[in-house]
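To start, the structure under review is shown below, and the notes come after it.
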Amino acid sequence: MTAPLLGMRDIDKRFQGVKALSSASLEVAAGEIMALVGQNGAGKSTLIKVLTGAYRRDGGSIAFGGEPIDFASPHEAQRGGISTIYQEINLVPFRSVAENIFLGREHRRYGLLDWRRMNHQAAELLRRFAVELDVRRPLMGFSTAIQQMVAIARAVSFKARLVIMDEPTSSLDEREVAVLFDVMRQLRAEGVAVIFITHRLDELYQVCDRVTVMRDGRTVMTSLMAEVDKLHLIAAMLGRDLETVRAHATGFSATSAKAGEEVLSAEGLRIGRKVRDARVEVRTGQIVGLAGLLGSGRTEVARAVFGADPPDAGTIRLTGKEVTPREPADAIALGVGYCSEDRKADGIVPDMSVRENLTLGILPRLTQMGVVDEARQRAIVDRFMARLAIKAASVEQKIRELSGGNQQKVLLARWLCTDPKLLILDEPTRGIDVGAKAEIQSLIRELADQGLGVLMISSELEEIVEGADRVFVLSDGRTVADLPHTAASAPAIMAAMAHEDPAATGTANG
Ligand code: ADP
Ligand code: MG
């Protein structure tokens with residue numbers, strides 16, 4: 001093989017001492033579509049940002065077109081032939097399509113802007129991608145897909161030799177994705193290299209030549225697309241050896257499986273475009289795991305049950321009653337609690353005290369004529385601080401000063417004091433250090449043993465394998481497996497995740 005167009009070797013990058021990339025590598029040939037995949041936080045975006053000069057690397061080398069490079073900014077990278085299209089389209093909505101394509105490098109004639117020429121060239125450029133439109137109209141009048149195309153046309157018009165697309169398909173519908181893939185093939189035919197970041201594995205097989213898998217800041221696998229099946233890709237992403245499943249120590253002990261009455265039963269859920277046919281059941285005393293890859297629809301299902309995003313179709317039964325929670329207050333009234341995956345954005349109120357954060361959910365109950373019953377509040381706070389062993393200097397300490405593990409315990413306590421029947425935990429131990437993690441896991445088990453029904457979303461297979469009494473696996477918005485604890489091994493869950501969607505594979509080609 002000739003020298004690759006792009007060669008990134010042994011790239012290191014730290015953020016405040018935390019390693020985001022360690023010795024990561026990536027090689028892409030001219031005229032090749034390279035998939036870059038990995039779980040959330042694997043380092044994909046950081047690797048791209050190091051390449052384009054958005055971040056400085058701490059170590060390693062980058063060669064492009066046979067020359068060592070060291071771009072100081074994405075702007076410089078663009079002039080050097082590397083164009084990036086980010087998930088968020090960074091164009092100017094009220095300017096015309098043509099203006100957006102030529103933004104910052106407008107053609108001039110006798111010192112005046114040469115609109116005729118720019119409009120003509122913009123139209124030509126878009127026609128290459130089978131897009132016909134009036135380029136003089138403002139960008140905001142067009143669909144997201146068209147705006148995406150304009151961003152790509154702009155990227156290509158820089159005479160890019162490498163085009164990087166970071167999750168470009170997340171907001172596109174099926175037909176628009178097909179058009180985007182044609183554009184990618186068109187680029188390939190012209191000798192342009194493409195790096196395609198996506199979490200939809202089905203898409204990779206339709207358009208990519210090779211795939212690079214990242215995990216924990218490292219490149220763990222590179223393969224021809226045709227030589228790797230979905231199951232092996234998933235195993236590489238999750239860091240699990242298919243044959244030898246290592247026993248990871250979690251805080252979960254053997255499950256009791258003393259399942260009681262039904263607390264949740266949801267069936268035939270359809271929610272937007274992400275969830276097409278989901279089913280899940282939870283009984284008292286049970287931890288039910290909801291497994292699936294990023295984008296499989298886990299969080300959407302949880303939010304629907306909680307009334308945050310009501311489903312378009314399907315039935316939800318809470319404690320035996322068929323209900324349609326339209327807003328979280330409805331679900332809370334029925335005994336549902338929900339700890340979101342993003343503690344910082346959706347959970348803690350950073351500048352409030354531990355006491356205030358803990359009692360946020362029961363404040364209406366503690367308040368009479370606008371006055372909080374402080375003695376009762378204090379008693380409740382003290383009880384849950386002790387019960388969950390929350391470590392804080394005092395109940396008046398600001399929650400943002402607590403460790404991640406203790407913040408999570410306060411959020412658990414916030415729901416527990418509402419006396420819920422069902423607690424939904426979305427990635428309950430993400431970003432929590434090892435010791436505190438085990439403590440929270442055994443706490444969840446304890447709560448279930450005391451009769452709580454728990455629905456737990458986790459991207460960590462061992463958390464699901466060891467912690468859950470029953471596991472539902474979601475793939476592409478559908479429940480594809482319902483496994484009892486005894487059958488819920490890591491390979492079984494991964495095999496279910498790799499479930500082929502017949503509708504999606506029908507269009508597969510190279
Ligand atoms: P991916 O794109 O694969 O989801 P990222 O490259 O965004 O992963 O993140 C890799 C790791 O680096 C994560 O642990 C993330 O939290 C961390 N990280 C990324 N950007 C920053 C930043 N600007 N500051 C601190 N940490 C960061
Ligand atoms: Mg990213």
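To be explicit about the labels: the chains of the structure tokens are called A, B, and onward in the order shown, and within each one the residues are counted from 1, while ligands get numbers from 1 in the order they are shown.
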
Using DSSP on the backbone coordinates, identify the residues of region 67-309 of chain A assigned to alpha helix (DSSP H); present them as a PyMOL selection string. chain A and resi 74-79+97-102+115-127+144-157+174-189+201-207+230-238+298-305

Check every protein, DNA and RNA residue against ligand 2, keep those with an atom at most 12 Å away (counting only C-alpha atoms and all ligand atoms), and present them as a list of chain:residue names.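 My answer, listing the contacting residues, is A:Ala20, A:Leu36, A:Val37, A:Gly38, A:Gln39, A:Asn40, A:Gly41, A:Ala42, A:Gly43, A:Lys44, A:Ser45, A:Thr46, A:Leu47, A:Ile48, A:Lys49, A:Tyr86, A:Gln87, A:Glu88, A:Met165, A:Asp166, A:Glu167, A:Pro168, A:Phe196, A:Ile197, A:Thr198, A:His199, A:Met214, A:Gly217, A:Leu294.
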
Write a file of the selected residues as an mmCIF file, in the first residue's frame, keeping C-alpha atoms.
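Saved file again-v1.cif follows:
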data_model
loop_
_atom_site.group_PDB
_atom_site.id
_atom_site.type_symbol
_atom_site.label_atom_id
_atom_site.label_comp_id
_atom_site.auth_asym_id
_atom_site.auth_seq_id
_atom_site.Cartn_x
_atom_site.Cartn_y
_atom_site.Cartn_z
ATOM 1 C CA ALA A 20 -8.627 11.797 26.698
ATOM 2 C CA LEU A 36 -14.642 6.104 13.243
ATOM 3 C CA VAL A 37 -16.689 4.494 16.010
ATOM 4 C CA GLY A 38 -16.635 4.056 19.768
ATOM 5 C CA GLN A 39 -18.806 4.552 22.824
ATOM 6 C CA ASN A 40 -19.546 7.965 24.233
ATOM 7 C CA GLY A 41 -16.333 9.498 25.548
ATOM 8 C CA ALA A 42 -14.042 7.129 23.622
ATOM 9 C CA GLY A 43 -12.113 10.092 22.188
ATOM 10 C CA LYS A 44 -13.396 10.374 18.604
ATOM 11 C CA SER A 45 -14.166 14.089 18.646
ATOM 12 C CA THR A 46 -10.968 14.860 20.538
ATOM 13 C CA LEU A 47 -8.908 13.003 17.938
ATOM 14 C CA ILE A 48 -10.538 15.046 15.159
ATOM 15 C CA LYS A 49 -10.033 18.285 17.081
ATOM 16 C CA TYR A 86 -19.696 19.293 12.860
ATOM 17 C CA GLN A 87 -22.877 17.940 14.322
ATOM 18 C CA GLU A 88 -24.146 21.450 14.864
ATOM 19 C CA MET A 165 -18.253 14.325 9.248
ATOM 20 C CA ASP A 166 -18.931 14.089 12.981
ATOM 21 C CA GLU A 167 -22.352 12.448 13.391
ATOM 22 C CA PRO A 168 -23.911 14.149 10.368
ATOM 23 C CA PHE A 196 -17.408 9.342 9.018
ATOM 24 C CA ILE A 197 -18.296 9.339 12.710
ATOM 25 C CA THR A 198 -21.623 7.752 13.575
ATOM 26 C CA HIS A 199 -23.167 5.565 16.236
ATOM 27 C CA MET A 214 -11.731 3.678 19.655
ATOM 28 C CA GLY A 217 -8.753 7.126 24.223
ATOM 29 C CA LEU A 294 -25.779 4.680 22.134
#

Mind dumping a table of every region 338-411 of chain A residue within 12 Å of region 441-454 of chain A, with the nearest atom pair and its distance in Å to one decimal, using only C-alpha atoms, sorted by chain and rising number, as CSV?
residue,atom,partner,partner_atom,distance
A:Tyr338,CA,A:Val454,CA,9.9
A:Cys339,CA,A:Val454,CA,11.1
A:Arg387,CA,A:Leu443,CA,9.6
A:Leu388,CA,A:Leu443,CA,7.5
A:Ala389,CA,A:Leu443,CA,9.9
A:Ile390,CA,A:Leu443,CA,11.7
A:Gly405,CA,A:Gln441,CA,10.8
A:Gln408,CA,A:Gln441,CA,11.3
A:Lys409,CA,A:Leu443,CA,9.2

Go ahead and dump the residues you just picked, all heavy atoms, as a compact mmCIF listing (two decimals), in the first residue's frame.
# COMPACT_ATOMS: atom_id res chain seq x y z
N TYR A 338 -37.00 9.57 38.65
CA TYR A 338 -36.10 9.45 37.50
C TYR A 338 -34.81 10.22 37.72
O TYR A 338 -34.84 11.44 37.88
CB TYR A 338 -36.83 9.98 36.26
CG TYR A 338 -36.01 10.07 34.99
CD1 TYR A 338 -35.45 8.92 34.42
CD2 TYR A 338 -35.82 11.28 34.33
CE1 TYR A 338 -34.70 9.00 33.24
CE2 TYR A 338 -35.08 11.37 33.16
CZ TYR A 338 -34.53 10.22 32.62
OH TYR A 338 -33.80 10.30 31.46
N CYS A 339 -33.69 9.51 37.75
CA CYS A 339 -32.38 10.18 37.81
C CYS A 339 -31.80 10.19 36.41
O CYS A 339 -31.49 9.14 35.86
CB CYS A 339 -31.43 9.44 38.73
SG CYS A 339 -31.83 9.59 40.47
N ARG A 387 -29.06 7.17 56.00
CA ARG A 387 -29.42 5.93 55.32
C ARG A 387 -28.54 5.68 54.10
O ARG A 387 -28.16 4.56 53.80
CB ARG A 387 -30.89 6.01 54.90
CG ARG A 387 -31.37 4.79 54.15
CD ARG A 387 -32.87 4.66 54.16
NE ARG A 387 -33.29 3.65 53.21
CZ ARG A 387 -34.40 3.72 52.49
NH1 ARG A 387 -35.20 4.76 52.63
NH2 ARG A 387 -34.72 2.76 51.67
N LEU A 388 -28.18 6.74 53.37
CA LEU A 388 -27.37 6.58 52.17
C LEU A 388 -25.89 6.88 52.42
O LEU A 388 -25.10 6.87 51.49
CB LEU A 388 -27.90 7.49 51.04
CG LEU A 388 -29.01 6.92 50.17
CD1 LEU A 388 -30.26 6.63 50.99
CD2 LEU A 388 -29.37 7.86 49.04
N ALA A 389 -25.56 7.14 53.68
CA ALA A 389 -24.17 7.47 54.04
C ALA A 389 -23.60 8.57 53.14
O ALA A 389 -22.55 8.43 52.54
CB ALA A 389 -23.29 6.22 54.01
N ILE A 390 -24.35 9.68 53.06
CA ILE A 390 -23.89 10.81 52.25
C ILE A 390 -22.84 11.59 53.03
O ILE A 390 -23.07 11.98 54.18
CB ILE A 390 -25.09 11.73 51.89
CG1 ILE A 390 -26.07 10.97 51.00
CG2 ILE A 390 -24.60 13.01 51.20
CD1 ILE A 390 -27.41 11.65 50.80
N GLY A 405 -19.95 10.91 43.47
CA GLY A 405 -20.66 9.83 44.12
C GLY A 405 -21.67 10.34 45.15
O GLY A 405 -22.80 9.87 45.23
N GLN A 408 -24.63 12.01 43.47
CA GLN A 408 -25.58 11.01 42.98
C GLN A 408 -26.44 10.47 44.13
O GLN A 408 -27.64 10.25 43.96
CB GLN A 408 -24.82 9.87 42.27
CG GLN A 408 -25.69 8.83 41.62
CD GLN A 408 -26.46 9.38 40.43
OE1 GLN A 408 -27.24 10.32 40.54
NE2 GLN A 408 -26.24 8.81 39.26
N LYS A 409 -25.83 10.29 45.29
CA LYS A 409 -26.60 9.80 46.44
C LYS A 409 -27.68 10.82 46.85
O LYS A 409 -28.79 10.44 47.22
CB LYS A 409 -25.68 9.54 47.63
CG LYS A 409 -24.83 8.29 47.49
CD LYS A 409 -24.08 8.12 48.78
CE LYS A 409 -23.11 6.96 48.76
NZ LYS A 409 -22.36 6.93 50.03

In Å to one decimal, how far is CA of Arg210 (chain A) from CA of Leu224 (chain A)? 4.2 Å

Extract, using only C-alpha atoms, all DNA, RNA and protein residues at most 8 Å from region 64-73 of chain A, discarding same-chain residues fewer than 3 positions from it, and format them as a VMD selection string. chain A and resid 3 to 7 51 to 54 56 61 76 to 77

What does the distance between CA of Cys417 (chain A) and CA of Ile362 (chain A) come to in Å, to one decimal place?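 Those two atoms sit 7.4 Å apart.
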
With only C-alpha atoms as the basis for distance, which of A:Val179, A:Ser223, A:Arg303, A:Ala379 is at the shortest distance from Met34 (chain A)?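 Closest residue, counting only C-alpha atoms: A:Ser223.
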
What is the distance, in Å and to one decimal place, between CA of Leu293 (chain A) and CA of Leu162 (chain A)? 28.2 Å

Apply DSSP to the structure's backbone, then extract all residues of region 63-294 of chain A labelled strand (DSSP E) and return them as an MDAnalysis selection string. chainID A and resid 63:64 67:68 82:85 108:109 112:113 162:166 193:197 210:215 218:224 262:271 275:283 287:291

Spatial neighbours of Lys437 (chain A), 10 Å, only C-alpha atoms, chain gap at least 2 places, as a ChimeraX atom specification: /A:250-251,404-405,408,428-435,439-443

Just-selected residues, C-alpha atoms written as a compact mmCIF listing (two decimals), in the first residue's frame:
# COMPACT_ATOMS: atom_id res chain seq x y z
CA THR A 250 -19.12 -4.47 40.68
CA GLY A 251 -20.97 -3.63 43.85
CA GLY A 404 -19.75 12.86 42.05
CA GLY A 405 -20.66 9.83 44.12
CA GLN A 408 -25.58 11.01 42.98
CA PRO A 428 -26.36 5.79 37.67
CA THR A 429 -22.61 5.35 38.06
CA ARG A 430 -21.23 7.22 35.08
CA GLY A 431 -18.36 9.52 36.00
CA ILE A 432 -18.22 8.21 39.56
CA ASP A 433 -14.95 6.87 40.94
CA VAL A 434 -14.49 3.16 41.53
CA GLY A 435 -15.08 2.98 45.27
CA GLU A 439 -21.20 1.65 47.07
CA ILE A 440 -23.98 3.07 44.88
CA GLN A 441 -24.47 -0.28 43.17
CA SER A 442 -24.95 -2.10 46.45
CA LEU A 443 -27.27 0.67 47.59

May I ask which of the residues A:Ala291, A:Ile234, A:Ile332, A:Leu363 is the closest one to Arg478 (chain A), counting only C-alpha atoms? A:Ala291

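Restricting the calculation to only C-alpha atoms, the smallest distance between Ala468 (chain A) and any of A:Ile287, A:Ala345, A:Ile11, A:Met149 is found for A:Ile287.
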
Show me, as a list in words, the residues that have an atom within 8 Å of region 116-123 of chain A when counting only C-alpha atoms, minus same-chain residues fewer than 2 positions from it.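 Answer for this query is Val97, Ala98, Glu99, Ile101, Phe102, Glu106, His107, Asp114, Leu125, Leu126, Arg127, Glu132, Leu133, Asp134, Val135 and Arg136 of chain A.
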
Residue neighbourhood region 365-377 of chain A, 10 Å, only C-alpha atoms, exclusion window fewer than 6 positions, as a PyMOL selection string: chain A and resi 355-356+358-359+383+418

Given the selection you just returned, output its residues as a file containing N, CA and C atoms, formatted as a PDB file, in the first residue's frame.
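The file below, selection.pdb, is the result:
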ATOM      1  N   ARG A 355     -29.258  20.110  51.663  1.00  0.00           N
ATOM      2  CA  ARG A 355     -30.618  20.069  52.220  1.00  0.00           C
ATOM      3  C   ARG A 355     -31.656  20.457  51.161  1.00  0.00           C
ATOM      4  N   GLU A 356     -31.419  21.560  50.478  1.00  0.00           N
ATOM      5  CA  GLU A 356     -32.389  22.018  49.481  1.00  0.00           C
ATOM      6  C   GLU A 356     -32.482  21.057  48.295  1.00  0.00           C
ATOM      7  N   LEU A 358     -31.861  17.879  48.288  1.00  0.00           N
ATOM      8  CA  LEU A 358     -32.442  16.605  48.696  1.00  0.00           C
ATOM      9  C   LEU A 358     -33.962  16.673  48.777  1.00  0.00           C
ATOM     10  N   THR A 359     -34.486  17.820  49.206  1.00  0.00           N
ATOM     11  CA  THR A 359     -35.929  17.892  49.453  1.00  0.00           C
ATOM     12  C   THR A 359     -36.708  18.583  48.325  1.00  0.00           C
ATOM     13  N   ARG A 383     -32.364  11.820  58.090  1.00  0.00           N
ATOM     14  CA  ARG A 383     -32.641  10.388  57.930  1.00  0.00           C
ATOM     15  C   ARG A 383     -31.988   9.849  56.652  1.00  0.00           C
ATOM     16  N   THR A 418     -39.663  10.702  48.265  1.00  0.00           N
ATOM     17  CA  THR A 418     -41.030  10.795  47.723  1.00  0.00           C
ATOM     18  C   THR A 418     -41.729   9.434  47.822  1.00  0.00           C
TER      19      THR A 418
END

Taking only C-alpha atoms into account, which of A:Ile33, A:Glu463, A:Glu176, A:Asp277 comes nearest Tyr205 (chain A)?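 Checking each candidate against Tyr205 (chain A), we get A:Ile33 as the closest.
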